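Dumped upload39.pdb below, it's PDB, C-alpha atoms:
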ATOM      1  CA  MET R   1       0.000   0.000   0.000
ATOM      2  CA  LYS R   2       2.773   2.371   0.996
ATOM      3  CA  ILE R   3       4.635   1.605  -2.195
ATOM      4  CA  LEU R   4       1.516   2.242  -4.229
ATOM      5  CA  LEU R   5       0.966   5.626  -2.552
ATOM      6  CA  ALA R   6       4.603   6.543  -3.098
ATOM      7  CA  ALA R   7       4.248   5.674  -6.779
ATOM      8  CA  VAL R   8       1.138   7.814  -7.093
ATOM      9  CA  PHE R   9       2.861  10.784  -5.458
ATOM     10  CA  ALA R  10       5.962  10.257  -7.573
ATOM     11  CA  LEU R  11       3.867  10.416 -10.727
ATOM     12  CA  LEU R  12       1.798  13.433  -9.655
ATOM     13  CA  PRO R  13       4.215  16.082 -10.997
ATOM     14  CA  LEU R  14       3.923  14.530 -14.474
ATOM     15  CA  ALA R  15       0.257  15.520 -14.570
ATOM     16  CA  SER R  16       1.201  19.159 -14.088
ATOM     17  CA  ILE R  17       3.815  18.932 -16.858
ATOM     18  CA  ALA R  18       1.208  17.516 -19.210
ATOM     19  CA  ASN R  19      -0.969  20.570 -18.705
ATOM     20  CA  GLU R  20       1.782  23.135 -18.882
ATOM     21  CA  ALA R  21       1.659  23.638 -22.646
ATOM     22  CA  THR R  22      -1.812  25.188 -22.714
ATOM     23  CA  PRO R  23      -1.708  28.569 -21.039
ATOM     24  CA  THR R  24      -4.893  30.067 -22.312
ATOM     25  CA  ASP R  25      -6.847  33.255 -21.965
ATOM     26  CA  LEU R  26      -9.613  32.109 -24.307
ATOM     27  CA  ASP R  27     -13.008  30.844 -23.223
ATOM     28  CA  PRO R  28     -13.589  27.117 -23.866
ATOM     29  CA  VAL R  29     -15.583  27.705 -27.080
ATOM     30  CA  ALA R  30     -12.893  29.930 -28.589
ATOM     31  CA  GLN R  31     -10.217  27.505 -27.390
ATOM     32  CA  LYS R  32     -11.994  24.678 -29.215
ATOM     33  CA  ARG R  33     -12.170  26.820 -32.363
ATOM     34  CA  LEU R  34      -8.446  27.501 -32.087
ATOM     35  CA  ILE R  35      -7.668  23.795 -31.807
ATOM     36  CA  ASP R  36     -10.078  22.858 -34.628
ATOM     37  CA  LEU R  37      -8.611  25.476 -36.954
ATOM     38  CA  ALA R  38      -5.017  24.709 -36.052
ATOM     39  CA  SER R  39      -5.501  20.984 -36.600
ATOM     40  CA  GLU R  40      -6.773  21.585 -40.146
ATOM     41  CA  LEU R  41      -3.787  23.692 -41.171
ATOM     42  CA  ARG R  42      -0.473  22.307 -42.316
ATOM     43  CA  CYS R  43       2.718  23.528 -40.743
ATOM     44  CA  LEU R  44       4.948  24.379 -43.697
ATOM     45  CA  VAL R  45       8.160  23.902 -41.747
ATOM     46  CA  CYS R  46       7.449  20.265 -40.889
ATOM     47  CA  GLN R  47       5.055  19.431 -43.658
ATOM     48  CA  ASN R  48       3.405  16.349 -42.225
ATOM     49  CA  GLN R  49       2.334  18.001 -39.019
ATOM     50  CA  THR R  50      -0.522  20.363 -38.362
ATOM     51  CA  ILE R  51      -0.053  23.748 -36.792
ATOM     52  CA  ALA R  52      -1.711  22.298 -33.686
ATOM     53  CA  ASP R  53       0.820  19.442 -33.437
ATOM     54  CA  SER R  54       3.991  21.207 -34.430
ATOM     55  CA  ASN R  55       6.368  22.960 -32.113
ATOM     56  CA  ALA R  56       8.228  24.708 -34.917
ATOM     57  CA  GLU R  57       8.556  28.421 -34.298
ATOM     58  CA  LEU R  58       6.378  29.248 -37.265
ATOM     59  CA  ALA R  59       3.604  27.009 -35.924
ATOM     60  CA  VAL R  60       3.822  28.725 -32.538
ATOM     61  CA  ASP R  61       3.602  32.130 -34.264
ATOM     62  CA  LEU R  62       0.674  31.016 -36.377
ATOM     63  CA  ARG R  63      -1.205  29.663 -33.363
ATOM     64  CA  ARG R  64      -0.662  33.055 -31.742
ATOM     65  CA  GLU R  65      -1.938  34.708 -34.928
ATOM     66  CA  ILE R  66      -5.077  32.531 -35.007
ATOM     67  CA  ARG R  67      -5.645  33.238 -31.314
ATOM     68  CA  ALA R  68      -5.375  36.991 -31.941
ATOM     69  CA  GLN R  69      -7.765  36.783 -34.868
ATOM     70  CA  ILE R  70     -10.338  34.767 -32.910
ATOM     71  CA  LYS R  71     -10.162  37.438 -30.201
ATOM     72  CA  ALA R  72     -10.613  40.116 -32.868
ATOM     73  CA  GLY R  73     -13.884  38.406 -33.810
ATOM     74  CA  LYS R  74     -12.849  36.965 -37.181
ATOM     75  CA  THR R  75     -14.828  34.025 -38.569
ATOM     76  CA  ASP R  76     -13.247  30.641 -39.305
ATOM     77  CA  ALA R  77     -13.537  31.307 -43.043
ATOM     78  CA  GLU R  78     -11.722  34.629 -42.671
ATOM     79  CA  ILE R  79      -8.912  33.006 -40.708
ATOM     80  CA  ARG R  80      -8.584  30.192 -43.252
ATOM     81  CA  ASN R  81      -8.513  32.806 -45.993
ATOM     82  CA  PHE R  82      -5.765  34.688 -44.145
ATOM     83  CA  MET R  83      -3.690  31.497 -44.226
ATOM     84  CA  THR R  84      -4.294  30.588 -47.868
ATOM     85  CA  THR R  85      -3.496  34.070 -49.183
ATOM     86  CA  ARG R  86      -0.108  33.718 -47.496
ATOM     87  CA  TYR R  87       0.785  30.063 -47.863
ATOM     88  CA  GLY R  88      -1.481  28.831 -50.671
ATOM     89  CA  ASP R  89      -4.033  26.007 -50.687
ATOM     90  CA  PHE R  90      -1.261  23.649 -49.601
ATOM     91  CA  VAL R  91      -1.771  24.708 -45.950
ATOM     92  CA  LEU R  92      -5.280  23.277 -45.956
ATOM     93  CA  TYR R  93      -5.445  19.604 -45.049
ATOM     94  CA  ARG R  94      -8.838  19.659 -46.772
ATOM     95  CA  PRO R  95      -8.025  21.368 -50.077
ATOM     96  CA  PRO R  96     -10.864  23.114 -51.965
ATOM     97  CA  LEU R  97     -12.319  21.490 -55.074
ATOM     98  CA  LYS R  98     -10.711  23.252 -58.041
ATOM     99  CA  ALA R  99      -9.564  22.373 -61.548
ATOM    100  CA  THR R 100      -6.094  21.702 -60.173
ATOM    101  CA  THR R 101      -7.316  19.486 -57.328
ATOM    102  CA  VAL R 102      -9.873  17.366 -59.213
ATOM    103  CA  LEU R 103      -7.387  14.516 -59.629
ATOM    104  CA  LEU R 104      -6.486  14.740 -55.941
ATOM    105  CA  TRP R 105     -10.128  14.439 -54.896
ATOM    106  CA  PHE R 106     -11.371  11.881 -57.408
ATOM    107  CA  GLY R 107      -8.140  10.043 -58.282
ATOM    108  CA  PRO R 108      -8.672   7.284 -55.671
ATOM    109  CA  ALA R 109     -12.307   6.714 -56.776
ATOM    110  CA  LEU R 110     -11.119   6.640 -60.379
ATOM    111  CA  LEU R 111      -8.516   3.992 -59.520
ATOM    112  CA  LEU R 112     -11.142   1.950 -57.666
ATOM    113  CA  VAL R 113     -13.525   2.030 -60.646
ATOM    114  CA  ALA R 114     -10.675   1.131 -63.007
ATOM    115  CA  GLY R 115      -9.763  -1.762 -60.701
ATOM    116  CA  ILE R 116     -13.333  -3.068 -60.652
ATOM    117  CA  VAL R 117     -13.591  -2.825 -64.455
ATOM    118  CA  VAL R 118     -10.368  -4.798 -64.874
ATOM    119  CA  LEU R 119     -11.504  -7.387 -62.293
ATOM    120  CA  VAL R 120     -14.904  -7.912 -64.000
ATOM    121  CA  ARG R 121     -13.270  -8.259 -67.410
ATOM    122  CA  VAL R 122     -10.714 -10.767 -66.155
ATOM    123  CA  MET R 123     -13.407 -12.836 -64.417
ATOM    124  CA  ARG R 124     -15.606 -12.855 -67.530
ATOM    125  CA  ALA R 125     -12.678 -13.904 -69.704
ATOM    126  CA  ARG R 126     -11.912 -16.740 -67.288
ATOM    127  CA  ARG R 127     -15.496 -17.952 -67.252
ATOM    128  CA  ARG R 128     -15.588 -17.897 -71.035
ATOM    129  CA  ALA R 129     -12.336 -19.881 -71.152
ATOM    130  CA  ALA R 130     -13.752 -22.418 -68.664
ATOM    131  CA  ASP R 131     -16.983 -22.776 -70.691
ATOM    132  CA  ALA R 132     -15.003 -23.378 -73.846
ATOM    133  CA  ALA R 133     -12.892 -26.068 -72.155
ATOM    134  CA  GLU R 134     -15.989 -28.010 -71.074
ATOM    135  CA  THR R 135     -16.851 -30.480 -73.877
ATOM    136  CA  PRO R 136     -20.196 -32.288 -73.669
ATOM    137  CA  LEU R 137     -20.181 -36.010 -72.734
ATOM    138  CA  THR R 138     -20.420 -38.658 -75.393
ATOM    139  CA  ASP R 139     -23.341 -41.126 -75.265
ATOM    140  CA  GLU R 140     -21.046 -43.879 -74.004
ATOM    141  CA  GLU R 141     -19.754 -41.688 -71.143
ATOM    142  CA  ARG R 142     -23.297 -40.683 -70.316
ATOM    143  CA  SER R 143     -24.473 -44.296 -69.905
ATOM    144  CA  ARG R 144     -21.393 -45.151 -67.818
ATOM    145  CA  ALA R 145     -22.098 -42.202 -65.556
ATOM    146  CA  ALA R 146     -25.762 -43.275 -65.206
ATOM    147  CA  ALA R 147     -24.660 -46.820 -64.344
ATOM    148  CA  LEU R 148     -22.205 -45.556 -61.707
ATOM    149  CA  LEU R 149     -24.813 -43.291 -60.141
ATOM    150  CA  ALA R 150     -27.366 -46.118 -60.073
ATOM    151  CA  GLY R 151     -24.709 -48.384 -58.492
ATOM    152  CA  VAL R 152     -24.048 -45.848 -55.709
ATOM    153  CA  ALA R 153     -27.761 -45.429 -55.107
ATOM    154  CA  GLY R 154     -28.140 -49.285 -55.006
ATOM    155  CA  ASP R 155     -25.253 -49.479 -52.462
ATOM    156  CA  GLU R 156     -27.008 -47.030 -50.161
ATOM    157  CA  ARG R 157     -30.245 -48.964 -50.228
ATOM    158  CA  ARG R 158     -28.495 -52.084 -49.102
TER     159      ARG R 158
ATOM    160  CA  MET C 159       1.984 -11.688 -74.878
ATOM    161  CA  ASN C 160      -0.681  -9.008 -74.712
ATOM    162  CA  LYS C 161      -1.320 -10.177 -71.157
ATOM    163  CA  PHE C 162       1.997  -8.732 -70.030
ATOM    164  CA  VAL C 163       2.168  -5.608 -72.170
ATOM    165  CA  ILE C 164      -0.538  -3.647 -70.320
ATOM    166  CA  PRO C 165       0.653  -4.325 -66.738
ATOM    167  CA  LEU C 166       4.210  -3.644 -67.868
ATOM    168  CA  ALA C 167       3.164  -0.315 -69.409
ATOM    169  CA  ILE C 168       1.347   0.649 -66.180
ATOM    170  CA  PHE C 169       4.369  -0.352 -64.135
ATOM    171  CA  VAL C 170       6.740   1.688 -66.308
ATOM    172  CA  ALA C 171       4.402   4.714 -66.134
ATOM    173  CA  LEU C 172       4.285   4.379 -62.338
ATOM    174  CA  LEU C 173       8.076   4.165 -62.201
ATOM    175  CA  ALA C 174       8.336   7.292 -64.343
ATOM    176  CA  PHE C 175       5.970   9.210 -62.015
ATOM    177  CA  LEU C 176       7.839   8.065 -58.917
ATOM    178  CA  PHE C 177      11.188   8.934 -60.484
ATOM    179  CA  VAL C 178      10.019  12.453 -61.337
ATOM    180  CA  GLY C 179       8.586  12.799 -57.820
ATOM    181  CA  LEU C 180      11.957  11.838 -56.387
ATOM    182  CA  GLY C 181      13.542  14.865 -58.062
ATOM    183  CA  LEU C 182      10.959  17.392 -56.848
ATOM    184  CA  ASN C 183      11.630  19.518 -53.816
ATOM    185  CA  PRO C 184       8.697  19.194 -51.409
ATOM    186  CA  ARG C 185       9.668  22.501 -49.789
ATOM    187  CA  GLU C 186       8.988  24.387 -53.011
ATOM    188  CA  VAL C 187       5.332  25.047 -52.544
ATOM    189  CA  PRO C 188       3.817  27.198 -55.299
ATOM    190  CA  SER C 189       3.545  30.668 -53.848
ATOM    191  CA  PRO C 190       0.193  32.419 -54.006
ATOM    192  CA  PHE C 191       2.083  35.729 -54.071
ATOM    193  CA  ILE C 192       3.344  35.759 -57.653
ATOM    194  CA  GLY C 193       1.625  38.636 -59.481
ATOM    195  CA  LYS C 194       0.166  40.014 -56.248
ATOM    196  CA  PRO C 195       1.154  43.294 -54.591
ATOM    197  CA  ALA C 196       3.869  42.869 -51.977
ATOM    198  CA  PRO C 197       2.340  43.351 -48.508
ATOM    199  CA  GLY C 198       3.103  46.746 -47.020
ATOM    200  CA  PHE C 199       5.269  47.061 -43.920
ATOM    201  CA  GLU C 200       7.162  49.640 -41.970
ATOM    202  CA  LEU C 201      10.070  48.420 -39.867
ATOM    203  CA  ALA C 202      13.070  49.790 -37.993
ATOM    204  CA  LEU C 203      16.447  49.729 -39.730
ATOM    205  CA  LEU C 204      18.923  47.219 -38.367
ATOM    206  CA  HIS C 205      21.820  49.662 -38.284
ATOM    207  CA  ALA C 206      19.755  52.673 -37.171
ATOM    208  CA  PRO C 207      16.818  51.464 -35.056
ATOM    209  CA  ASP C 208      15.409  54.988 -34.724
ATOM    210  CA  LYS C 209      14.888  55.198 -38.489
ATOM    211  CA  ARG C 210      12.148  53.330 -40.306
ATOM    212  CA  PHE C 211      11.827  51.885 -43.765
ATOM    213  CA  ALA C 212       8.539  51.215 -45.547
ATOM    214  CA  ARG C 213       7.888  49.011 -48.551
ATOM    215  CA  ARG C 214       6.478  51.993 -50.486
ATOM    216  CA  ASP C 215       9.897  53.697 -50.219
ATOM    217  CA  MET C 216      10.986  51.350 -53.004
ATOM    218  CA  ASP C 217       8.108  52.209 -55.354
ATOM    219  CA  GLY C 218       9.402  52.898 -58.842
ATOM    220  CA  LYS C 219      12.352  50.524 -58.386
ATOM    221  CA  VAL C 220      12.911  46.887 -59.206
ATOM    222  CA  TRP C 221      14.403  45.328 -56.090
ATOM    223  CA  LEU C 222      15.010  42.157 -54.124
ATOM    224  CA  LEU C 223      13.706  41.481 -50.644
ATOM    225  CA  ASN C 224      15.891  38.857 -49.013
ATOM    226  CA  VAL C 225      14.611  37.231 -45.817
ATOM    227  CA  TRP C 226      17.494  36.054 -43.657
ATOM    228  CA  ALA C 227      18.585  35.387 -40.096
ATOM    229  CA  SER C 228      21.870  34.820 -38.304
ATOM    230  CA  TRP C 229      20.551  31.481 -36.956
ATOM    231  CA  CYS C 230      19.809  30.232 -40.460
ATOM    232  CA  VAL C 231      22.399  27.808 -41.805
ATOM    233  CA  ALA C 232      21.329  27.995 -45.450
ATOM    234  CA  CYS C 233      21.666  31.808 -45.304
ATOM    235  CA  ARG C 234      25.381  31.354 -44.776
ATOM    236  CA  GLU C 235      25.506  29.230 -47.901
ATOM    237  CA  GLU C 236      23.677  31.867 -49.922
ATOM    238  CA  HIS C 237      25.558  34.861 -48.493
ATOM    239  CA  PRO C 238      28.618  34.894 -50.808
ATOM    240  CA  VAL C 239      26.236  34.934 -53.799
ATOM    241  CA  LEU C 240      24.546  38.059 -52.423
ATOM    242  CA  VAL C 241      27.882  39.709 -51.607
ATOM    243  CA  GLU C 242      28.969  39.081 -55.181
ATOM    244  CA  LEU C 243      25.673  40.472 -56.468
ATOM    245  CA  ALA C 244      26.091  43.607 -54.337
ATOM    246  CA  LYS C 245      29.489  44.253 -55.966
ATOM    247  CA  GLN C 246      27.854  44.375 -59.390
ATOM    248  CA  LYS C 247      25.375  47.012 -58.169
ATOM    249  CA  THR C 248      22.746  45.781 -60.622
ATOM    250  CA  ILE C 249      19.791  45.619 -58.252
ATOM    251  CA  PRO C 250      19.082  46.937 -54.748
ATOM    252  CA  VAL C 251      18.778  44.170 -52.136
ATOM    253  CA  VAL C 252      16.824  44.877 -48.965
ATOM    254  CA  GLY C 253      17.481  42.471 -46.117
ATOM    255  CA  LEU C 254      14.586  41.458 -43.899
ATOM    256  CA  ASN C 255      16.202  40.181 -40.728
ATOM    257  CA  TYR C 256      13.650  37.602 -39.592
ATOM    258  CA  LYS C 257      13.121  36.629 -35.937
ATOM    259  CA  ASP C 258      16.648  37.490 -34.973
ATOM    260  CA  LYS C 259      18.426  39.462 -32.276
ATOM    261  CA  PRO C 260      19.748  42.760 -33.728
ATOM    262  CA  GLU C 261      23.130  42.271 -32.048
ATOM    263  CA  ASP C 262      23.473  38.766 -33.532
ATOM    264  CA  ALA C 263      22.465  40.088 -36.937
ATOM    265  CA  THR C 264      24.962  42.968 -36.973
ATOM    266  CA  ALA C 265      27.752  40.686 -35.753
ATOM    267  CA  TRP C 266      26.900  38.232 -38.526
ATOM    268  CA  LEU C 267      27.027  40.957 -41.183
ATOM    269  CA  LYS C 268      30.335  42.233 -39.816
ATOM    270  CA  ARG C 269      31.784  38.750 -40.038
ATOM    271  CA  PHE C 270      30.515  37.713 -43.477
ATOM    272  CA  GLY C 271      30.079  41.087 -45.218
ATOM    273  CA  ASP C 272      26.990  43.224 -45.699
ATOM    274  CA  PRO C 273      25.485  42.951 -49.187
ATOM    275  CA  TYR C 274      22.311  44.821 -48.302
ATOM    276  CA  THR C 275      21.346  48.268 -49.528
ATOM    277  CA  LEU C 276      19.649  48.404 -46.150
ATOM    278  CA  SER C 277      18.378  45.913 -43.575
ATOM    279  CA  VAL C 278      15.196  46.018 -41.548
ATOM    280  CA  THR C 279      14.371  43.970 -38.469
ATOM    281  CA  ASP C 280      11.280  41.808 -38.119
ATOM    282  CA  GLN C 281      11.854  40.514 -34.620
ATOM    283  CA  ASP C 282       8.452  39.003 -33.934
ATOM    284  CA  GLY C 283       8.055  37.624 -37.466
ATOM    285  CA  ARG C 284       4.788  39.439 -38.229
ATOM    286  CA  VAL C 285       5.999  40.734 -41.603
ATOM    287  CA  GLY C 286       7.366  37.263 -42.301
ATOM    288  CA  ILE C 287       3.856  35.848 -41.834
ATOM    289  CA  ASP C 288       2.443  38.509 -44.191
ATOM    290  CA  TYR C 289       4.954  37.399 -46.819
ATOM    291  CA  GLY C 290       4.175  33.728 -46.248
ATOM    292  CA  VAL C 291       7.735  33.000 -45.139
ATOM    293  CA  TYR C 292       8.226  29.416 -43.932
ATOM    294  CA  GLY C 293      11.762  28.523 -44.870
ATOM    295  CA  VAL C 294      14.486  31.091 -44.462
ATOM    296  CA  PRO C 295      16.182  32.209 -46.667
ATOM    297  CA  GLU C 296      13.538  33.378 -49.099
ATOM    298  CA  THR C 297      13.941  36.052 -51.733
ATOM    299  CA  PHE C 298      11.263  38.095 -53.481
ATOM    300  CA  LEU C 299      11.709  40.015 -56.726
ATOM    301  CA  ILE C 300       9.447  43.070 -56.617
ATOM    302  CA  ASP C 301       8.736  45.347 -59.583
ATOM    303  CA  ARG C 302       8.236  49.121 -59.864
ATOM    304  CA  GLN C 303       4.552  48.892 -58.992
ATOM    305  CA  GLY C 304       5.337  46.885 -55.882
ATOM    306  CA  VAL C 305       4.127  43.589 -57.379
ATOM    307  CA  ILE C 306       5.925  40.352 -56.482
ATOM    308  CA  ARG C 307       7.211  38.763 -59.692
ATOM    309  CA  TYR C 308       9.323  35.882 -58.444
ATOM    310  CA  LYS C 309      10.005  34.046 -55.213
ATOM    311  CA  GLN C 310      13.078  31.991 -54.476
ATOM    312  CA  ILE C 311      12.531  29.496 -51.665
ATOM    313  CA  GLY C 312      15.784  28.496 -50.047
ATOM    314  CA  PRO C 313      19.211  29.880 -50.907
ATOM    315  CA  VAL C 314      19.719  32.051 -53.979
ATOM    316  CA  THR C 315      22.103  30.031 -56.125
ATOM    317  CA  PRO C 316      24.295  31.511 -58.883
ATOM    318  CA  GLU C 317      22.199  29.485 -61.378
ATOM    319  CA  ALA C 318      18.890  30.887 -60.087
ATOM    320  CA  LEU C 319      20.367  34.378 -60.206
ATOM    321  CA  GLU C 320      21.742  34.080 -63.751
ATOM    322  CA  LYS C 321      18.913  32.099 -65.292
ATOM    323  CA  LYS C 322      15.817  33.446 -63.563
ATOM    324  CA  ILE C 323      16.164  36.411 -61.236
ATOM    325  CA  LEU C 324      18.467  38.780 -63.144
ATOM    326  CA  PRO C 325      16.938  38.217 -66.622
ATOM    327  CA  LEU C 326      13.480  38.826 -65.162
ATOM    328  CA  ALA C 327      14.739  41.928 -63.318
ATOM    329  CA  ARG C 328      16.236  43.293 -66.561
ATOM    330  CA  GLU C 329      12.920  42.661 -68.272
ATOM    331  CA  LEU C 330      11.093  44.583 -65.536
ATOM    332  CA  GLU C 331      13.597  47.450 -65.661
ATOM    333  CA  LYS C 332      12.646  48.199 -69.252
ATOM    334  CA  PRO C 333      10.423  51.280 -69.412
TER     335      PRO C 333
END

Starting from the coordinates I provided, produce the structure as C-alpha cells.
Amino acid sequence: MKILLAAVFALLPLASIANEATPTDLDPVAQKRLIDLASELRCLVCQNQTIADSNAELAVDLRREIRAQIKAGKTDAEIRNFMTTRYGDFVLYRPPLKATTVLLWFGPALLLVAGIVVLVRVMRARRRAADAAETPLTDEERSRAAALLAGVAGDERR
Amino acid sequence: MNKFVIPLAIFVALLAFLFVGLGLNPREVPSPFIGKPAPGFELALLHAPDKRFARRDMDGKVWLLNVWASWCVACREEHPVLVELAKQKTIPVVGLNYKDKPEDATAWLKRFGDPYTLSVTDQDGRVGIDYGVYGVPETFLIDRQGVIRYKQIGPVTPEALEKKILPLARELEKP
C-alpha cells in the first residue's frame, strides 16, 4: 500500500507537466475553435504536421496569430482565408475542389472504378475460357455415368 | 503476350511518375504571391533602429527582398552569392532580418560582409507571416509597382540568379 501511494505521489508532478503547454486566456468555445482550426492547417516547416501538433517556431507564431484573430472576432472562413493568401491552398489539409485538385479528390475513386472494371473483365474472360474447355459427354460416357450413379444409389439402399 | 504488355506499361508509367517525384523539392510550394502586390510594412532599420523603412519607399524601383537570419544555416551558404551580387550594383537588395536578435544580426554581417542596400528587423516575425515566409532564406523580386514577380525558396544560387532572377529583373527594368 505504501509503495503504491509513493508511486502515485511520484507520478503526480507529471500531470502538471502535461498541462503546462496550454496557457490560455480564451473561453472554452474559442479555445476549441483555435484547436479545430489549427488541426486543419499544415505547418509548412514540418510538412506532415498540423499547426496544432507542431512545435516549430512558425507554428507557434501562427497559433498566436489565429488566437489573436479569434479574439478580434474573425470568422473561421476569414482566418482560413488569411492562411491561404499567405501560404497557398497547400496549408489546408482539406483542399478546396478546383480544376487543379480534381485529380487529388477523385483520383482514388477513379482507380477503384478502373480496378473493378479490370476485375470484371478478367473474371468474364476466365469464365468464357472455362466454358469453352468443357466439352459435352459422349453417349457412351453418359451411360457409364448413369450406371455408376445407379450403383451408388443401389449401395445405399443395401 | 498481350497479357503482359498492359501491366508492364502501367508499371513503367508508375516508375516514371515516382522517379520524377523523387527529383521534386517538397519545400517548393507554389507561392500564391506571384503577381500580387507585396504586402506593405514599416520596420526599424537594423543599423539605425530609430529610423524606419517602408515598402512603399521602393516604389518605382525593381528590387530584391531577401529574408534572412543569423541562426539560419542555409543563409550562410547563400551569403557569398549576395555579396557578389552587391558588388555588381545591378539591383538593390533589402534584407529582412527575420526573428533574430539585432546584435546577432549585426555581428553576422560584420563577419561575413553586408550585401544589403539596407536591412530592416522583423523581430516578432509578423511581416514574415504577411509574406508567407516558412523557410528562411527566401527572396522576393518586386517590380516598380510593388508587385511580387518571383520568389526563391531556399538559398539564392548563382544558377537561379543568372537564369531566372536577373533576366526577369532586366525585363522589368525596361520602361

Long-range neighbours of region 186-196 of chain C as JSON, numbers by chain, 12 Å cut-off, all atoms listed in the file, 5 positions minimum in chain: {"R": [44, 45, 47, 81, 82, 83, 84, 85, 86, 87, 88, 89, 90, 91], "C": [181, 212, 213, 214, 216, 217, 221, 222, 223, 285, 286, 288, 289, 290, 291, 292, 293, 296, 297, 298, 299, 300, 301, 302, 303, 304, 305, 306, 307, 308, 309, 310, 311, 312, 313]}

Polymer residues at most 12 Å from Gly283 (chain C), only C-alpha atoms, same-chain spacing of 2 or more positions, as a PyMOL selection string: (chain R and resi 57-62+64-65) or (chain C and resi 199+201+225-227+254-259+278-281+285-292+294)

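In this comparison, which uses all atoms listed in the file, the residue of R:Arg42, R:Arg127, R:Lys71, R:Lys32 approaching chain C most closely is R:Arg42.
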
Using only C-alpha atoms: which of C:Gln246, C:Asp208, C:Lys161, C:Arg234 has the shortest distance to chain R: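 Closest to chain R, using only C-alpha atoms: C:Lys161.
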
Separation of CA of Glu261 (chain C) from CA of Gly198 (chain C), in Å and rounded to one decimal: 25.4 Å

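Across C:Pro250, C:Leu276, C:Arg185, C:Leu203, the tightest approach to chain R is made by C:Arg185 when counting all atoms listed in the file.
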
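Coordinates place CA of Cys233 (chain C) at a distance of 18.8 Å from CA of Cys46 (chain R).
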
Counting only C-alpha atoms, the residue of R:Ile66, R:Ala109, R:Ala99, R:Val120 that sits nearest chain C: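 When distances to chain C are compared using only C-alpha atoms, the smallest one comes from R:Ile66.
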
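Taking CA of Ser228 (chain C) and CA of Asp215 (chain C) as endpoints, the distance between them is 25.3 Å.
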
Exercise: residues within 9 Å of coordinate (23.4, 46.9, -42.7), counting all atoms listed in the file, as a list in words: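 Taken together, the residues in range are Leu203, Leu204, His205, Ala206, Gly253, Ala263, Thr264, Leu267, Lys268, Asp272, Pro273, Tyr274, Thr275, Leu276, Ser277 and Val278 of chain C.
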
Pick from R:Leu92, R:Gln69, R:Val152, R:Cys43 nearest to chain C, counting all atoms listed in the file: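 The answer is R:Cys43, which sits nearest to chain C.
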